[in-house]
Amino acid sequence: MHVTDILSARDLHPVKVLVTGTAGFIGSHVAMRLLERGDEVVGFDNLNDYYDVSLKQARLARFQGHSGYTHVTGDLADRAAVEEVFAAHQPARVIHLAAQAGVRYAAENPHVYVSSNVTGFLHVLEGCRQHGVQHMVFASTSSVYGANTRMPFSEHQGTDHPLTLYAATKKANEAMAHSYAHLYGIPSTGLRFFTVYGPWGRPDMALFLFTKAIMEGRPIRVFNHGQHKRSFTYIDDIVEGVIRTLDQPPARSAAWSGESPDPATSGVAPYRLFNIGNEQPVELLRYIQVLEECLGGKAEMELLPLQPGDVPDTEADVSELIAAVDYSPKVGVEEGVREFVRWYRSYHSV
């Protein structure tokens with residue numbers, strides 16, 4: 001069956017989806033898209049104060065008026081709370097996006113990352129096992145490529161040299177999901193996100209920080225002298241990939257071999273890994289230039305060296321995602337940054 005036929009069939013049969021992290025950037029957008037197509041969404045988020053809680057509450061406020069949305073406030077690290085949300089709501093599918101975010105923050109608060117990203121992920125896996133979830137899609141990250149320098153990054157490369165604890169916890173998630181897929185037959189798909197940006201984004205990320213500083217006439221901190229490249233990926237492109245992936249649970253790969261195991265697939269478990277990101281990397285200085293054009297002002301740049309744990313470049317190979325779900329990110333930074341600035345001005349009334 002062609003992917004469009006699958007999607008059309010899905011539209012006729014709404015399902016209940018547990019989305020963790022619905023007060024977050026990506027989670028709020030994914031939940032909204034599911035609601036718009038008629039699915040029932042159970043949102044789970046602890047609304048922690050890693051960044052401005054009022055922004056998280058504003059994201060959740062967007063769901064008011066959608067009868068298909070139910071919110072549960074809880075912490076992934078709270079085993080009883082996660083068990084309760086699975087038992088009470090019996091989701092057919094799970095999109096696990098909640099995590100302790102922020103690469104640099106992990107150096108200061110390592111225990112929080114393990115509690116949320118590892119222990120919390122175990123609780124989600126157990127919920128999927130105990131309640132017969134049809135498909136779990138979970139967030140991984142391009143950071144798992146770590147010290148790899150061969151571009152573009154491919155899911156078929158090894159990822160044995162993460163450079164941050166955040167990346168290590170996400171690599172652990174990938175391994176844990178595979179083990180549960182093998183032991184209990186839970187179809188699991190991991191998505192390695194590449195530098196996501198757009199409206200309702202996180203205040204700790206570069207575009208938000210740059211916009212705020214430029215509008216306030218303050219200098220911006222530009223690491224690696226702005227010379228590194230990133231596969232900047234607009235949020236709508238990410239959401240489309242997540243939804244299409246959700247609708248196609250993975251199967252065991254008949255071509256997989258234990259003699260030379262492919263990290264992206266499995267012959268012993270219904271398991272798959274995909275990159276999801278823009279295939280056209282953009283230099284940070286160009287990204288800033290586009291932002292200046294959208295704001296109508298120049299940035300005063302404080303040029304700094306590359307930060308510990310950061311990689312010089314990222315470039316996504318998304319050919320596997322294209323082949324599997326007939327979709328790849330398409331929004332360029334010119335359009336994407338413009339939409340972010342439009343949202344920022346509206347949200348902050350500036």
# chains A, B, ... in the order shown; residues from 1 in each chain; ligands from 1
$ residues_around --residues "A:Glu36" --least-positions-apart "4" --cutoff "9 Å" --atoms "only C-alpha atoms" --output "number ranges by chain"
A: 31-32, 66
$ closest_residue --among "A:Ser140, A:Ser349, A:Gln227, A:Thr119" --to "A:Arg272" --atoms "only C-alpha atoms"
A:Ser140
$ select_by_dssp --residues "stretch 203-237 of chain A" --states "helix (DSSP H, G or I)" --output "VMD selection string"
chain A and resid 206 to 215 224 to 226 235 to 237
$ closest_residue --among "A:Glu293, A:Asp313, A:His156, A:Ala88" --to "A:Thr195" --atoms "only C-alpha atoms"
A:Asp313
$ residues_around --residues "A:Leu191" --least-positions-apart "3" --cutoff "7 Å" --atoms "only C-alpha atoms" --output "ChimeraX atom specification"
/A:138-140,273-276
$ closest_residue --among "A:Pro308, A:Leu303, A:Tyr166, A:Thr211" --to "A:Tyr113" --atoms "only C-alpha atoms"
A:Tyr166
$ closest_atom_pairs --of "stretch 239-310 of chain A" --to "stretch 167-190 of chain A" --cutoff "12 Å" --atoms "only C-alpha atoms" --output "Markdown table"
| residue | atom | partner | partner_atom | distance |
| --- | --- | --- | --- | --- |
| A:Gly241 | CA | A:Gly190 | CA | 11.7 |
| A:Val242 | CA | A:Thr189 | CA | 9.8 |
| A:Ile243 | CA | A:Thr189 | CA | 11.8 |
| A:Arg244 | CA | A:Thr189 | CA | 11.5 |
| A:Thr245 | CA | A:Thr189 | CA | 7.8 |
| A:Leu246 | CA | A:Thr189 | CA | 8.2 |
| A:Asp247 | CA | A:Thr189 | CA | 10.9 |
| A:Gln248 | CA | A:Thr189 | CA | 9.4 |
| A:Pro249 | CA | A:Pro187 | CA | 5.9 |
| A:Pro250 | CA | A:Pro187 | CA | 5.9 |
| A:Ala251 | CA | A:Pro187 | CA | 7.2 |
| A:Arg252 | CA | A:Pro187 | CA | 9.2 |
| A:Pro263 | CA | A:Glu174 | CA | 9.9 |
| A:Ala264 | CA | A:Gly190 | CA | 9.2 |
| A:Thr265 | CA | A:His178 | CA | 9.4 |
| A:Ser266 | CA | A:His178 | CA | 8.2 |
| A:Gly267 | CA | A:His182 | CA | 9.3 |
| A:Val268 | CA | A:His182 | CA | 6.0 |
| A:Ala269 | CA | A:His182 | CA | 4.3 |
| A:Pro270 | CA | A:Pro187 | CA | 4.8 |
| A:Tyr271 | CA | A:Ser188 | CA | 4.9 |
| A:Arg272 | CA | A:Thr189 | CA | 4.8 |
| A:Leu273 | CA | A:Gly190 | CA | 4.7 |
| A:Phe274 | CA | A:Gly190 | CA | 6.3 |
| A:Asn275 | CA | A:Gly190 | CA | 8.6 |
| A:Ile276 | CA | A:Gly190 | CA | 9.9 |
| A:Gly309 | CA | A:Ala167 | CA | 9.5 |
| A:Asp310 | CA | A:Ala167 | CA | 10.8 |
$ write_last_selection --atoms "C-alpha atoms" --output "PDB file, in the first residue's frame"
ATOM      1  CA  GLY A 241       7.862  13.696   9.525  1.00  0.00           C
ATOM      2  CA  VAL A 242       6.816  12.657  13.039  1.00  0.00           C
ATOM      3  CA  ILE A 243       3.185  12.146  12.028  1.00  0.00           C
ATOM      4  CA  ARG A 244       4.008  10.195   8.883  1.00  0.00           C
ATOM      5  CA  THR A 245       6.407   8.007  10.830  1.00  0.00           C
ATOM      6  CA  LEU A 246       3.800   7.367  13.530  1.00  0.00           C
ATOM      7  CA  ASP A 247       1.441   5.958  10.906  1.00  0.00           C
ATOM      8  CA  GLN A 248       3.955   3.345   9.729  1.00  0.00           C
ATOM      9  CA  PRO A 249       5.197   1.037  12.489  1.00  0.00           C
ATOM     10  CA  PRO A 250       8.489  -0.666  11.654  1.00  0.00           C
ATOM     11  CA  ALA A 251       8.905  -4.362  10.955  1.00  0.00           C
ATOM     12  CA  ARG A 252      11.889  -6.646  11.312  1.00  0.00           C
ATOM     13  CA  PRO A 263      22.555   0.258  13.430  1.00  0.00           C
ATOM     14  CA  ALA A 264      19.484   1.800  11.780  1.00  0.00           C
ATOM     15  CA  THR A 265      17.391  -1.364  11.449  1.00  0.00           C
ATOM     16  CA  SER A 266      17.016  -4.754  13.107  1.00  0.00           C
ATOM     17  CA  GLY A 267      16.411  -8.327  12.080  1.00  0.00           C
ATOM     18  CA  VAL A 268      15.428  -9.386  15.595  1.00  0.00           C
ATOM     19  CA  ALA A 269      13.053  -6.553  16.525  1.00  0.00           C
ATOM     20  CA  PRO A 270      10.447  -4.227  14.944  1.00  0.00           C
ATOM     21  CA  TYR A 271      12.759  -1.244  15.237  1.00  0.00           C
ATOM     22  CA  ARG A 272      13.958   1.642  13.097  1.00  0.00           C
ATOM     23  CA  LEU A 273      16.037   4.811  13.377  1.00  0.00           C
ATOM     24  CA  PHE A 274      15.653   7.844  11.103  1.00  0.00           C
ATOM     25  CA  ASN A 275      17.387  11.154  10.698  1.00  0.00           C
ATOM     26  CA  ILE A 276      14.896  13.989  10.427  1.00  0.00           C
ATOM     27  CA  GLY A 309      30.656  19.323  23.508  1.00  0.00           C
ATOM     28  CA  ASP A 310      29.614  21.251  20.393  1.00  0.00           C
TER      29      ASP A 310
END
$ atom_distance --atom1 "atom CA of A:Lys298" --atom2 "atom CA of A:Ile214"
7.3 Å
$ atom_distance --atom1 "atom CA of A:Phe44" --atom2 "atom CA of A:Val337"
28.9 Å
$ residues_around --residues "stretch 142-155 of chain A" --least-positions-apart "5" --cutoff "6 Å" --atoms "only C-alpha atoms" --output "list in words"
His161, Pro162, Leu163, Ala167, Arg192, Phe193, Phe194, Ala264, Glu315, Ala316 and Asp317 of chain A
$ write_last_selection --atoms "N, CA and C atoms" --output "tab-separated table (two decimals), in the first residue's frame"
chain	number	residue	atom	x	y	z
A	161	HIS	N	30.68	7.51	20.03
A	161	HIS	CA	31.52	8.54	20.64
A	161	HIS	C	30.74	9.83	20.89
A	162	PRO	N	29.68	9.76	21.73
A	162	PRO	CA	28.95	10.99	22.08
A	162	PRO	C	29.85	11.94	22.85
A	163	LEU	N	29.64	13.23	22.65
A	163	LEU	CA	30.49	14.24	23.26
A	163	LEU	C	29.84	14.94	24.46
A	167	ALA	N	23.72	13.68	24.81
A	167	ALA	CA	23.79	12.76	23.68
A	167	ALA	C	23.88	11.31	24.16
A	192	ARG	N	16.08	11.08	14.97
A	192	ARG	CA	17.21	11.91	15.34
A	192	ARG	C	16.98	13.32	14.79
A	193	PHE	N	16.55	14.22	15.66
A	193	PHE	CA	16.24	15.59	15.26
A	193	PHE	C	17.51	16.40	15.04
A	194	PHE	N	17.48	17.24	14.00
A	194	PHE	CA	18.57	18.15	13.68
A	194	PHE	C	18.09	19.59	13.89
A	264	ALA	N	20.74	1.10	12.02
A	264	ALA	CA	19.48	1.80	11.78
A	264	ALA	C	18.27	0.89	11.73
A	315	GLU	N	25.11	17.72	9.25
A	315	GLU	CA	24.44	17.64	7.95
A	315	GLU	C	23.66	16.34	7.92
A	316	ALA	N	22.38	16.42	7.66
A	316	ALA	CA	21.49	15.26	7.75
A	316	ALA	C	21.34	14.56	6.40
A	317	ASP	N	21.53	13.27	6.40
A	317	ASP	CA	21.14	12.42	5.28
A	317	ASP	C	19.76	11.88	5.62
$ closest_residue --among "A:Ser116, A:Asn278, A:Gln134, A:Thr20" --to "A:Val85" --atoms "only C-alpha atoms"
A:Thr20
$ closest_residue --among "A:Asp236, A:Asp204, A:Glu259, A:Glu84" --to "A:Tyr50" --atoms "only C-alpha atoms"
A:Asp204
$ select_by_dssp --residues "stretch 178-294 of chain A" --states "strand (DSSP E)" --output "list in words"
Ser188, Thr189, Gly190, Leu191, Arg192, Phe193, Val196, Tyr197, Ile220, Arg221, Val222, Phe223, Lys229, Arg230, Thr233, Tyr234, Tyr271, Arg272, Leu273, Phe274, Asn275, Ile276, Val282 and Glu283 of chain A
